[in-house]
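Q: Contents of entry19.cif (mmCIF, N, CA and C atoms):
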```cif
data_target
#
loop_
_atom_site.group_PDB
_atom_site.id
_atom_site.type_symbol
_atom_site.label_atom_id
_atom_site.label_comp_id
_atom_site.auth_asym_id
_atom_site.auth_seq_id
_atom_site.Cartn_x
_atom_site.Cartn_y
_atom_site.Cartn_z
ATOM 1 N N MET A 1 -24.134 -11.855 -42.263
ATOM 2 C CA MET A 1 -23.234 -10.807 -41.824
ATOM 3 C C MET A 1 -22.474 -10.237 -43.009
ATOM 4 N N LEU A 2 -22.207 -8.979 -42.914
ATOM 5 C CA LEU A 2 -21.406 -8.335 -43.942
ATOM 6 C C LEU A 2 -19.922 -8.648 -43.721
ATOM 7 N N PRO A 3 -19.159 -8.716 -44.788
ATOM 8 C CA PRO A 3 -17.725 -9.010 -44.645
ATOM 9 C C PRO A 3 -17.002 -8.046 -43.700
ATOM 10 N N GLU A 4 -17.448 -6.774 -43.690
ATOM 11 C CA GLU A 4 -16.815 -5.796 -42.794
ATOM 12 C C GLU A 4 -17.041 -6.170 -41.326
ATOM 13 N N HIS A 5 -18.224 -6.722 -41.054
ATOM 14 C CA HIS A 5 -18.536 -7.132 -39.683
ATOM 15 C C HIS A 5 -17.663 -8.312 -39.255
ATOM 16 N N VAL A 6 -17.497 -9.262 -40.135
ATOM 17 C CA VAL A 6 -16.661 -10.429 -39.838
ATOM 18 C C VAL A 6 -15.236 -9.984 -39.546
ATOM 19 N N ILE A 7 -14.715 -9.079 -40.350
ATOM 20 C CA ILE A 7 -13.345 -8.582 -40.150
ATOM 21 C C ILE A 7 -13.232 -7.873 -38.802
ATOM 22 N N THR A 8 -14.203 -7.039 -38.475
ATOM 23 C CA THR A 8 -14.190 -6.302 -37.204
ATOM 24 C C THR A 8 -14.273 -7.255 -36.024
ATOM 25 N N ILE A 9 -15.156 -8.239 -36.099
ATOM 26 C CA ILE A 9 -15.311 -9.215 -35.006
ATOM 27 C C ILE A 9 -14.028 -10.006 -34.817
ATOM 28 N N ASN A 10 -13.424 -10.464 -35.908
ATOM 29 C CA ASN A 10 -12.173 -11.224 -35.808
ATOM 30 C C ASN A 10 -11.054 -10.374 -35.209
ATOM 31 N N LYS A 11 -11.001 -9.112 -35.603
ATOM 32 C CA LYS A 11 -9.977 -8.206 -35.072
ATOM 33 C C LYS A 11 -10.163 -8.001 -33.562
ATOM 34 N N GLN A 12 -11.427 -7.773 -33.129
ATOM 35 C CA GLN A 12 -11.697 -7.589 -31.700
ATOM 36 C C GLN A 12 -11.391 -8.857 -30.913
ATOM 37 N N SER A 13 -11.713 -9.997 -31.482
ATOM 38 C CA SER A 13 -11.436 -11.271 -30.815
ATOM 39 C C SER A 13 -9.936 -11.447 -30.605
ATOM 40 N N LYS A 14 -9.144 -11.127 -31.630
ATOM 41 C CA LYS A 14 -7.682 -11.236 -31.538
ATOM 42 C C LYS A 14 -7.142 -10.278 -30.474
ATOM 43 N N GLU A 15 -7.681 -9.057 -30.416
ATOM 44 C CA GLU A 15 -7.235 -8.089 -29.416
ATOM 45 C C GLU A 15 -7.529 -8.581 -28.010
ATOM 46 N N LEU A 16 -8.698 -9.199 -27.816
ATOM 47 C CA LEU A 16 -9.042 -9.738 -26.499
ATOM 48 C C LEU A 16 -8.113 -10.885 -26.118
ATOM 49 N N GLU A 17 -7.777 -11.740 -27.066
ATOM 50 C CA GLU A 17 -6.840 -12.830 -26.793
ATOM 51 C C GLU A 17 -5.483 -12.281 -26.379
ATOM 52 N N ASP A 18 -5.027 -11.244 -27.090
ATOM 53 C CA ASP A 18 -3.742 -10.627 -26.762
ATOM 54 C C ASP A 18 -3.763 -10.029 -25.358
ATOM 55 N N LEU A 19 -4.878 -9.419 -24.962
ATOM 56 C CA LEU A 19 -5.004 -8.865 -23.619
ATOM 57 C C LEU A 19 -4.941 -9.961 -22.570
ATOM 58 N N ASP A 20 -5.632 -11.075 -22.808
ATOM 59 C CA ASP A 20 -5.612 -12.191 -21.857
ATOM 60 C C ASP A 20 -4.210 -12.740 -21.700
ATOM 61 N N MET A 21 -3.479 -12.843 -22.781
ATOM 62 C CA MET A 21 -2.122 -13.374 -22.710
ATOM 63 C C MET A 21 -1.208 -12.403 -21.980
ATOM 64 N N ALA A 22 -1.450 -11.122 -22.105
ATOM 65 C CA ALA A 22 -0.623 -10.119 -21.439
ATOM 66 C C ALA A 22 -0.844 -10.107 -19.935
ATOM 67 N N LYS A 23 -2.013 -10.548 -19.502
ATOM 68 C CA LYS A 23 -2.327 -10.549 -18.073
ATOM 69 C C LYS A 23 -1.522 -11.592 -17.312
ATOM 70 N N GLY A 24 -1.004 -12.589 -17.981
ATOM 71 C CA GLY A 24 -0.232 -13.612 -17.317
ATOM 72 C C GLY A 24 -1.028 -14.887 -17.165
ATOM 73 N N PRO A 25 -0.517 -15.789 -16.342
ATOM 74 C CA PRO A 25 -1.161 -17.100 -16.206
ATOM 75 C C PRO A 25 -2.544 -16.993 -15.565
ATOM 76 N N LYS A 26 -3.416 -17.902 -15.952
ATOM 77 C CA LYS A 26 -4.760 -17.922 -15.388
ATOM 78 C C LYS A 26 -4.774 -18.787 -14.135
ATOM 79 N N ARG A 27 -5.663 -18.457 -13.218
ATOM 80 C CA ARG A 27 -5.822 -19.206 -11.984
ATOM 81 C C ARG A 27 -6.277 -20.636 -12.319
ATOM 82 N N PRO A 28 -5.697 -21.639 -11.688
ATOM 83 C CA PRO A 28 -6.140 -23.015 -11.923
ATOM 84 C C PRO A 28 -7.609 -23.177 -11.509
ATOM 85 N N THR A 29 -8.326 -23.993 -12.243
ATOM 86 C CA THR A 29 -9.729 -24.231 -11.904
ATOM 87 C C THR A 29 -9.823 -25.356 -10.887
ATOM 88 N N ARG A 30 -10.832 -25.241 -10.038
ATOM 89 C CA ARG A 30 -11.068 -26.270 -9.025
ATOM 90 C C ARG A 30 -12.540 -26.635 -9.055
ATOM 91 N N ASP A 31 -12.823 -27.881 -8.708
ATOM 92 C CA ASP A 31 -14.220 -28.303 -8.754
ATOM 93 C C ASP A 31 -14.954 -27.879 -7.477
ATOM 94 N N GLU A 32 -16.252 -28.103 -7.498
ATOM 95 C CA GLU A 32 -17.109 -27.676 -6.385
ATOM 96 C C GLU A 32 -16.708 -28.337 -5.067
ATOM 97 N N PHE A 33 -16.303 -29.604 -5.120
ATOM 98 C CA PHE A 33 -15.891 -30.322 -3.914
ATOM 99 C C PHE A 33 -14.664 -29.660 -3.285
ATOM 100 N N GLU A 34 -13.681 -29.312 -4.100
ATOM 101 C CA GLU A 34 -12.465 -28.672 -3.586
ATOM 102 C C GLU A 34 -12.780 -27.320 -2.950
ATOM 103 N N MET A 35 -13.662 -26.553 -3.594
ATOM 104 C CA MET A 35 -14.026 -25.247 -3.062
ATOM 105 C C MET A 35 -14.769 -25.379 -1.734
ATOM 106 N N GLU A 36 -15.655 -26.377 -1.644
ATOM 107 C CA GLU A 36 -16.400 -26.585 -0.402
ATOM 108 C C GLU A 36 -15.472 -27.003 0.728
ATOM 109 N N GLU A 37 -14.533 -27.895 0.427
ATOM 110 C CA GLU A 37 -13.566 -28.342 1.439
ATOM 111 C C GLU A 37 -12.697 -27.178 1.915
ATOM 112 N N LEU A 38 -12.275 -26.343 0.991
ATOM 113 C CA LEU A 38 -11.474 -25.167 1.328
ATOM 114 C C LEU A 38 -12.261 -24.239 2.248
ATOM 115 N N GLY A 39 -13.533 -24.003 1.919
ATOM 116 C CA GLY A 39 -14.388 -23.157 2.749
ATOM 117 C C GLY A 39 -14.564 -23.702 4.150
ATOM 118 N N GLU A 40 -14.740 -25.020 4.250
ATOM 119 C CA GLU A 40 -14.901 -25.648 5.566
ATOM 120 C C GLU A 40 -13.643 -25.493 6.414
ATOM 121 N N ARG A 41 -12.491 -25.636 5.794
ATOM 122 C CA ARG A 41 -11.233 -25.476 6.540
ATOM 123 C C ARG A 41 -11.056 -24.035 7.025
ATOM 124 N N LEU A 42 -11.473 -23.082 6.194
ATOM 125 C CA LEU A 42 -11.382 -21.678 6.597
ATOM 126 C C LEU A 42 -12.320 -21.372 7.757
ATOM 127 N N VAL A 43 -13.541 -21.882 7.689
ATOM 128 C CA VAL A 43 -14.515 -21.662 8.771
ATOM 129 C C VAL A 43 -14.004 -22.285 10.064
ATOM 130 N N GLU A 44 -13.492 -23.497 9.969
ATOM 131 C CA GLU A 44 -12.957 -24.173 11.166
ATOM 132 C C GLU A 44 -11.793 -23.380 11.765
ATOM 133 N N ALA A 45 -10.908 -22.891 10.920
ATOM 134 C CA ALA A 45 -9.757 -22.119 11.403
ATOM 135 C C ALA A 45 -10.212 -20.837 12.080
ATOM 136 N N GLN A 46 -11.251 -20.213 11.544
ATOM 137 C CA GLN A 46 -11.762 -18.983 12.147
ATOM 138 C C GLN A 46 -12.414 -19.273 13.494
ATOM 139 N N GLN A 47 -13.244 -20.308 13.544
ATOM 140 C CA GLN A 47 -13.948 -20.635 14.782
ATOM 141 C C GLN A 47 -12.993 -21.066 15.890
ATOM 142 N N GLU A 48 -11.968 -21.818 15.519
ATOM 143 C CA GLU A 48 -11.006 -22.327 16.501
ATOM 144 C C GLU A 48 -9.890 -21.319 16.791
ATOM 145 N N GLU A 49 -9.897 -20.194 16.067
ATOM 146 C CA GLU A 49 -8.857 -19.170 16.191
ATOM 147 C C GLU A 49 -7.465 -19.756 15.994
ATOM 148 N N LEU A 50 -7.342 -20.559 14.943
ATOM 149 C CA LEU A 50 -6.083 -21.236 14.648
ATOM 150 C C LEU A 50 -5.159 -20.340 13.827
ATOM 151 N N GLN A 51 -3.873 -20.493 14.060
ATOM 152 C CA GLN A 51 -2.853 -19.837 13.250
ATOM 153 C C GLN A 51 -2.730 -20.673 11.975
ATOM 154 N N ILE A 52 -2.937 -20.064 10.816
ATOM 155 C CA ILE A 52 -2.937 -20.812 9.568
ATOM 156 C C ILE A 52 -1.959 -20.214 8.564
ATOM 157 N N LYS A 53 -1.687 -21.003 7.529
ATOM 158 C CA LYS A 53 -0.874 -20.553 6.408
ATOM 159 C C LYS A 53 -1.716 -20.749 5.155
ATOM 160 N N LEU A 54 -1.919 -19.666 4.400
ATOM 161 C CA LEU A 54 -2.665 -19.730 3.152
ATOM 162 C C LEU A 54 -1.690 -19.671 1.987
ATOM 163 N N ILE A 55 -1.791 -20.651 1.117
ATOM 164 C CA ILE A 55 -1.036 -20.620 -0.125
ATOM 165 C C ILE A 55 -1.958 -19.949 -1.140
ATOM 166 N N VAL A 56 -1.520 -18.812 -1.663
ATOM 167 C CA VAL A 56 -2.370 -17.984 -2.514
ATOM 168 C C VAL A 56 -1.799 -17.961 -3.935
ATOM 169 N N TRP A 57 -2.701 -18.173 -4.902
ATOM 170 C CA TRP A 57 -2.312 -18.196 -6.306
ATOM 171 C C TRP A 57 -1.686 -16.868 -6.705
ATOM 172 N N ASN A 58 -0.531 -16.968 -7.351
ATOM 173 C CA ASN A 58 0.177 -15.827 -7.918
ATOM 174 C C ASN A 58 0.738 -14.870 -6.865
ATOM 175 N N TRP A 59 0.847 -15.300 -5.609
ATOM 176 C CA TRP A 59 1.508 -14.511 -4.572
ATOM 177 C C TRP A 59 2.841 -15.193 -4.280
ATOM 178 N N ASP A 60 3.876 -14.414 -4.081
ATOM 179 C CA ASP A 60 5.205 -14.976 -3.842
ATOM 180 C C ASP A 60 5.321 -15.649 -2.483
ATOM 181 N N GLN A 61 4.693 -15.059 -1.479
ATOM 182 C CA GLN A 61 4.812 -15.569 -0.114
ATOM 183 C C GLN A 61 3.461 -16.063 0.393
ATOM 184 N N PRO A 62 3.467 -17.102 1.241
ATOM 185 C CA PRO A 62 2.204 -17.511 1.865
ATOM 186 C C PRO A 62 1.751 -16.461 2.880
ATOM 187 N N VAL A 63 0.473 -16.467 3.182
ATOM 188 C CA VAL A 63 -0.090 -15.556 4.176
ATOM 189 C C VAL A 63 -0.258 -16.349 5.464
ATOM 190 N N ILE A 64 0.333 -15.855 6.539
ATOM 191 C CA ILE A 64 0.281 -16.550 7.825
ATOM 192 C C ILE A 64 -0.417 -15.651 8.837
ATOM 193 N N GLY A 65 -1.311 -16.235 9.621
ATOM 194 C CA GLY A 65 -2.006 -15.458 10.640
ATOM 195 C C GLY A 65 -3.308 -16.122 11.041
ATOM 196 N N LYS A 66 -4.167 -15.333 11.698
ATOM 197 C CA LYS A 66 -5.479 -15.811 12.134
ATOM 198 C C LYS A 66 -6.561 -15.124 11.320
ATOM 199 N N ILE A 67 -7.576 -15.888 10.958
ATOM 200 C CA ILE A 67 -8.695 -15.328 10.206
ATOM 201 C C ILE A 67 -9.567 -14.530 11.163
ATOM 202 N N THR A 68 -9.758 -13.261 10.849
ATOM 203 C CA THR A 68 -10.606 -12.420 11.690
ATOM 204 C C THR A 68 -11.993 -12.232 11.089
ATOM 205 N N LYS A 69 -12.066 -12.341 9.769
ATOM 206 C CA LYS A 69 -13.363 -12.101 9.112
ATOM 207 C C LYS A 69 -13.361 -12.771 7.746
ATOM 208 N N MET A 70 -14.532 -13.269 7.356
ATOM 209 C CA MET A 70 -14.732 -13.738 5.989
ATOM 210 C C MET A 70 -15.869 -12.912 5.415
ATOM 211 N N ASP A 71 -15.524 -12.040 4.491
ATOM 212 C CA ASP A 71 -16.467 -11.070 3.940
ATOM 213 C C ASP A 71 -17.122 -11.627 2.685
ATOM 214 N N SER A 72 -18.416 -11.958 2.779
ATOM 215 C CA SER A 72 -19.121 -12.527 1.631
ATOM 216 C C SER A 72 -19.389 -11.467 0.562
ATOM 217 N N ARG A 73 -19.455 -10.217 0.958
ATOM 218 C CA ARG A 73 -19.719 -9.148 -0.009
ATOM 219 C C ARG A 73 -18.542 -8.976 -0.971
ATOM 220 N N THR A 74 -17.326 -8.922 -0.420
ATOM 221 C CA THR A 74 -16.136 -8.744 -1.254
ATOM 222 C C THR A 74 -15.472 -10.077 -1.603
ATOM 223 N N LYS A 75 -16.024 -11.171 -1.058
ATOM 224 C CA LYS A 75 -15.480 -12.516 -1.287
ATOM 225 C C LYS A 75 -13.995 -12.574 -0.925
ATOM 226 N N SER A 76 -13.675 -12.030 0.263
ATOM 227 C CA SER A 76 -12.295 -12.045 0.716
ATOM 228 C C SER A 76 -12.205 -12.546 2.155
ATOM 229 N N VAL A 77 -11.042 -13.055 2.478
ATOM 230 C CA VAL A 77 -10.745 -13.559 3.819
ATOM 231 C C VAL A 77 -9.756 -12.586 4.439
ATOM 232 N N HIS A 78 -10.083 -12.090 5.636
ATOM 233 C CA HIS A 78 -9.226 -11.129 6.320
ATOM 234 C C HIS A 78 -8.359 -11.904 7.316
ATOM 235 N N VAL A 79 -7.056 -11.778 7.153
ATOM 236 C CA VAL A 79 -6.099 -12.488 8.003
ATOM 237 C C VAL A 79 -5.264 -11.459 8.745
ATOM 238 N N GLU A 80 -5.177 -11.628 10.070
ATOM 239 C CA GLU A 80 -4.372 -10.716 10.882
ATOM 240 C C GLU A 80 -3.080 -11.405 11.284
ATOM 241 N N ASN A 81 -1.975 -10.668 11.096
ATOM 242 C CA ASN A 81 -0.663 -11.183 11.470
ATOM 243 C C ASN A 81 0.128 -10.039 12.092
ATOM 244 N N HIS A 82 0.356 -10.130 13.398
ATOM 245 C CA HIS A 82 1.111 -9.107 14.139
ATOM 246 C C HIS A 82 0.554 -7.707 13.901
ATOM 247 N N GLY A 83 -0.760 -7.577 13.962
ATOM 248 C CA GLY A 83 -1.397 -6.282 13.809
ATOM 249 C C GLY A 83 -1.669 -5.854 12.382
ATOM 250 N N ASP A 84 -1.085 -6.537 11.412
ATOM 251 C CA ASP A 84 -1.331 -6.222 10.003
ATOM 252 C C ASP A 84 -2.535 -7.007 9.508
ATOM 253 N N MET A 85 -3.400 -6.348 8.734
ATOM 254 C CA MET A 85 -4.571 -7.009 8.160
ATOM 255 C C MET A 85 -4.322 -7.232 6.680
ATOM 256 N N ILE A 86 -4.447 -8.482 6.257
ATOM 257 C CA ILE A 86 -4.252 -8.833 4.854
ATOM 258 C C ILE A 86 -5.578 -9.387 4.343
ATOM 259 N N LYS A 87 -6.064 -8.831 3.235
ATOM 260 C CA LYS A 87 -7.305 -9.306 2.623
ATOM 261 C C LYS A 87 -6.943 -10.180 1.430
ATOM 262 N N VAL A 88 -7.382 -11.435 1.496
ATOM 263 C CA VAL A 88 -7.052 -12.407 0.462
ATOM 264 C C VAL A 88 -8.330 -12.785 -0.285
ATOM 265 N N PRO A 89 -8.360 -12.632 -1.599
ATOM 266 C CA PRO A 89 -9.539 -13.068 -2.353
ATOM 267 C C PRO A 89 -9.745 -14.577 -2.199
ATOM 268 N N PHE A 90 -10.961 -14.966 -1.847
ATOM 269 C CA PHE A 90 -11.251 -16.384 -1.603
ATOM 270 C C PHE A 90 -10.882 -17.245 -2.809
ATOM 271 N N MET A 91 -11.202 -16.797 -4.000
ATOM 272 C CA MET A 91 -10.956 -17.603 -5.200
ATOM 273 C C MET A 91 -9.465 -17.804 -5.483
ATOM 274 N N ASP A 92 -8.600 -16.984 -4.887
ATOM 275 C CA ASP A 92 -7.162 -17.119 -5.099
ATOM 276 C C ASP A 92 -6.495 -18.032 -4.076
ATOM 277 N N ILE A 93 -7.230 -18.451 -3.045
ATOM 278 C CA ILE A 93 -6.648 -19.337 -2.031
ATOM 279 C C ILE A 93 -6.565 -20.739 -2.611
ATOM 280 N N MET A 94 -5.363 -21.256 -2.680
ATOM 281 C CA MET A 94 -5.154 -22.583 -3.251
ATOM 282 C C MET A 94 -5.122 -23.675 -2.180
ATOM 283 N N ARG A 95 -4.612 -23.316 -0.994
ATOM 284 C CA ARG A 95 -4.464 -24.346 0.053
ATOM 285 C C ARG A 95 -4.472 -23.673 1.421
ATOM 286 N N VAL A 96 -5.051 -24.364 2.399
ATOM 287 C CA VAL A 96 -5.058 -23.909 3.796
ATOM 288 C C VAL A 96 -4.274 -24.957 4.600
ATOM 289 N N GLN A 97 -3.280 -24.488 5.354
ATOM 290 C CA GLN A 97 -2.468 -25.381 6.181
ATOM 291 C C GLN A 97 -2.355 -24.804 7.565
ATOM 292 N N SER A 98 -1.984 -25.663 8.507
ATOM 293 C CA SER A 98 -1.660 -25.113 9.817
ATOM 294 C C SER A 98 -0.357 -24.349 9.677
ATOM 295 N N ALA A 99 -0.160 -23.351 10.488
ATOM 296 C CA ALA A 99 1.029 -22.498 10.372
ATOM 297 C C ALA A 99 2.314 -23.275 10.651
ATOM 298 N N ASP A 100 2.194 -24.440 11.297
ATOM 299 C CA ASP A 100 3.369 -25.250 11.620
ATOM 300 C C ASP A 100 3.935 -25.933 10.378
ATOM 301 N N SER A 101 3.077 -26.153 9.369
ATOM 302 C CA SER A 101 3.497 -26.938 8.184
ATOM 303 C C SER A 101 4.475 -26.185 7.329
#
```
Could you write out this file's structure as structure tokens?
A:
Amino acid sequence: MLPEHVITINKQSKELEDLDMAKGPKRPTRDEFEMEELGERLVEAQQEELQIKLIVWNWDQPVIGKITKMDSRTKSVHVENHGDMIKVPFMDIMRVQSADS
């Protein structure tokens, strides 16, 4: 590689790091078992028409309501609460609880 290329690559790498840091905290990683368990709880809540509380990463308030749809295309869970529809990205759901908890 030419020295100019190394300088350009290092500069671009630094700019990308700065962008990542500006975006804020990264979503915690979870293993395959945790993701599968989370999915099973969501499916059960939808089938049983249970009132649930979703703890969502980087959201100030939990989402409370009933799951009306799980959209595999957009990878989101649609939750209805008093006529309002809230679409929650599946990967951002940290915990599923009963609404009583």
Q: Go through A:Ser13, A:Ile55, A:Asp71, A:Val63 and flag the residue nearest Leu38 of chain A, using only C-alpha atoms for the distances.
A: A:Ile55
Q: Once the PyMOL selection byres (((chain A and resi 43 and name CA) around 12) and name CA) is applied to the coordinates I shared, what remains selected? I want it as an MDAnalysis selection string.
A: chainID A and resid 36:42 44:50 52 66:71 77 96
Q: I'd like to see the residues matched by the PyMOL selection byres ((chain A and resi 56) around 5) on this file, and ideally I'd get them as a PDB file with N, CA and C atoms, in the coordinates of the input.
A:
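As written to disk, result37.pdb reads:
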```
ATOM      1  N   LEU A  54      -1.919 -19.666   4.400  1.00  0.00           N
ATOM      2  CA  LEU A  54      -2.665 -19.730   3.152  1.00  0.00           C
ATOM      3  C   LEU A  54      -1.690 -19.671   1.987  1.00  0.00           C
ATOM      4  N   ILE A  55      -1.791 -20.651   1.117  1.00  0.00           N
ATOM      5  CA  ILE A  55      -1.036 -20.620  -0.125  1.00  0.00           C
ATOM      6  C   ILE A  55      -1.958 -19.949  -1.140  1.00  0.00           C
ATOM      7  N   TRP A  57      -2.701 -18.173  -4.902  1.00  0.00           N
ATOM      8  CA  TRP A  57      -2.312 -18.196  -6.306  1.00  0.00           C
ATOM      9  C   TRP A  57      -1.686 -16.868  -6.705  1.00  0.00           C
ATOM     10  N   ASN A  58      -0.531 -16.968  -7.351  1.00  0.00           N
ATOM     11  CA  ASN A  58       0.177 -15.827  -7.918  1.00  0.00           C
ATOM     12  C   ASN A  58       0.738 -14.870  -6.865  1.00  0.00           C
ATOM     13  N   TRP A  59       0.847 -15.300  -5.609  1.00  0.00           N
ATOM     14  CA  TRP A  59       1.508 -14.511  -4.572  1.00  0.00           C
ATOM     15  C   TRP A  59       2.841 -15.193  -4.280  1.00  0.00           C
ATOM     16  N   ASP A  92      -8.600 -16.984  -4.887  1.00  0.00           N
ATOM     17  CA  ASP A  92      -7.162 -17.119  -5.099  1.00  0.00           C
ATOM     18  C   ASP A  92      -6.495 -18.032  -4.076  1.00  0.00           C
ATOM     19  N   ILE A  93      -7.230 -18.451  -3.045  1.00  0.00           N
ATOM     20  CA  ILE A  93      -6.648 -19.337  -2.031  1.00  0.00           C
ATOM     21  C   ILE A  93      -6.565 -20.739  -2.611  1.00  0.00           C
ATOM     22  N   MET A  94      -5.363 -21.256  -2.680  1.00  0.00           N
ATOM     23  CA  MET A  94      -5.154 -22.583  -3.251  1.00  0.00           C
ATOM     24  C   MET A  94      -5.122 -23.675  -2.180  1.00  0.00           C
TER      25      MET A  94
END
```
Q: From the DSSP assignment of the backbone, select every residue of chain A that is alpha helix (DSSP H), and format the answer as a count of residues only.
A: 38
Q: Enter the distance from atom C of Gly65 of chain A to atom N of Pro89 of chain A, in Å, rounded to one decimal.
A: 14.1 Å
Q: What would the selection look like, as number ranges by chain, if the PyMOL selection byres (((chain A and resi 29 and name CA) around 12) and name CA) were run on the coordinates I just shared?
A: A: 25-28, 30-35, 57, 91-94
Q: May I have all residues of chain A that DSSP, computed from the backbone, assigns to strand (DSSP E), given as a PyMOL selection string?
A: chain A and resi 51-56+63-71+76-81+84-89+93-98
Q: Any idea what the distance is between atom N of Arg95 of chain A and atom N of Val79 of chain A?
A: 14.3 Å
Q: Once 3 Å is added on each side, what are the centre and the three edge lengths, in Å to one decimal, of the axis-aligned box enclosing the listed atoms of segment 69-78 of chain A? Present them as JSON.
A:
```
{"center_x": -14.0, "center_y": -11.2, "center_z": 4.1, "size_x": 17.4, "size_y": 11.0, "size_z": 17.4}
```
Q: Of the candidates A:Lys14, A:Pro3, A:Lys53, A:Ile9, which one gets nearest to Asp100 of chain A if we count only N, CA and C atoms?
A: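 Checking each candidate against Asp100 of chain A, we get A:Lys53 as the closest.
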Q: For Thr74 of chain A, which residue out of A:Leu16, A:Asn10, A:Phe90, A:Asp60 is the nearest one, using only C-alpha atoms?
A: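 That would be A:Phe90, the residue with the smallest distance to Thr74 of chain A.
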Q: Rounded to one decimal in Å, what is the spacing between atom CA of Lys75 of chain A and atom CA of Ala99 of chain A?
A: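 Between atom CA of Lys75 of chain A and atom CA of Ala99 of chain A the gap works out to 22.5 Å.
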Q: Could you rebuild segment 61-72 of chain A with N, CA, C and O atoms and give me the result as a PDB file, keeping the file's coordinate frame?
A:
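Heads up, here's the output in out-v4.pdb:
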```
ATOM      1  N   GLN A  61       4.693 -15.059  -1.479  1.00  0.00           N
ATOM      2  CA  GLN A  61       4.812 -15.569  -0.114  1.00  0.00           C
ATOM      3  C   GLN A  61       3.461 -16.063   0.393  1.00  0.00           C
ATOM      4  O   GLN A  61       2.433 -15.491   0.055  1.00  0.00           O
ATOM      5  N   PRO A  62       3.467 -17.102   1.241  1.00  0.00           N
ATOM      6  CA  PRO A  62       2.204 -17.511   1.865  1.00  0.00           C
ATOM      7  C   PRO A  62       1.751 -16.461   2.880  1.00  0.00           C
ATOM      8  O   PRO A  62       2.552 -15.659   3.358  1.00  0.00           O
ATOM      9  N   VAL A  63       0.473 -16.467   3.182  1.00  0.00           N
ATOM     10  CA  VAL A  63      -0.090 -15.556   4.176  1.00  0.00           C
ATOM     11  C   VAL A  63      -0.258 -16.349   5.464  1.00  0.00           C
ATOM     12  O   VAL A  63      -0.908 -17.393   5.480  1.00  0.00           O
ATOM     13  N   ILE A  64       0.333 -15.855   6.539  1.00  0.00           N
ATOM     14  CA  ILE A  64       0.281 -16.550   7.825  1.00  0.00           C
ATOM     15  C   ILE A  64      -0.417 -15.651   8.837  1.00  0.00           C
ATOM     16  O   ILE A  64      -0.141 -14.454   8.901  1.00  0.00           O
ATOM     17  N   GLY A  65      -1.311 -16.235   9.621  1.00  0.00           N
ATOM     18  CA  GLY A  65      -2.006 -15.458  10.640  1.00  0.00           C
ATOM     19  C   GLY A  65      -3.308 -16.122  11.041  1.00  0.00           C
ATOM     20  O   GLY A  65      -3.534 -17.298  10.776  1.00  0.00           O
ATOM     21  N   LYS A  66      -4.167 -15.333  11.698  1.00  0.00           N
ATOM     22  CA  LYS A  66      -5.479 -15.811  12.134  1.00  0.00           C
ATOM     23  C   LYS A  66      -6.561 -15.124  11.320  1.00  0.00           C
ATOM     24  O   LYS A  66      -6.476 -13.928  11.046  1.00  0.00           O
ATOM     25  N   ILE A  67      -7.576 -15.888  10.958  1.00  0.00           N
ATOM     26  CA  ILE A  67      -8.695 -15.328  10.206  1.00  0.00           C
ATOM     27  C   ILE A  67      -9.567 -14.530  11.163  1.00  0.00           C
ATOM     28  O   ILE A  67     -10.041 -15.055  12.165  1.00  0.00           O
ATOM     29  N   THR A  68      -9.758 -13.261  10.849  1.00  0.00           N
ATOM     30  CA  THR A  68     -10.606 -12.420  11.690  1.00  0.00           C
ATOM     31  C   THR A  68     -11.993 -12.232  11.089  1.00  0.00           C
ATOM     32  O   THR A  68     -12.954 -11.988  11.812  1.00  0.00           O
ATOM     33  N   LYS A  69     -12.066 -12.341   9.769  1.00  0.00           N
ATOM     34  CA  LYS A  69     -13.363 -12.101   9.112  1.00  0.00           C
ATOM     35  C   LYS A  69     -13.361 -12.771   7.746  1.00  0.00           C
ATOM     36  O   LYS A  69     -12.331 -12.804   7.067  1.00  0.00           O
ATOM     37  N   MET A  70     -14.532 -13.269   7.356  1.00  0.00           N
ATOM     38  CA  MET A  70     -14.732 -13.738   5.989  1.00  0.00           C
ATOM     39  C   MET A  70     -15.869 -12.912   5.415  1.00  0.00           C
ATOM     40  O   MET A  70     -17.006 -13.044   5.842  1.00  0.00           O
ATOM     41  N   ASP A  71     -15.524 -12.040   4.491  1.00  0.00           N
ATOM     42  CA  ASP A  71     -16.467 -11.070   3.940  1.00  0.00           C
ATOM     43  C   ASP A  71     -17.122 -11.627   2.685  1.00  0.00           C
ATOM     44  O   ASP A  71     -16.485 -11.754   1.634  1.00  0.00           O
ATOM     45  N   SER A  72     -18.416 -11.958   2.779  1.00  0.00           N
ATOM     46  CA  SER A  72     -19.121 -12.527   1.631  1.00  0.00           C
ATOM     47  C   SER A  72     -19.389 -11.467   0.562  1.00  0.00           C
ATOM     48  O   SER A  72     -19.516 -11.793  -0.610  1.00  0.00           O
TER      49      SER A  72
END
```
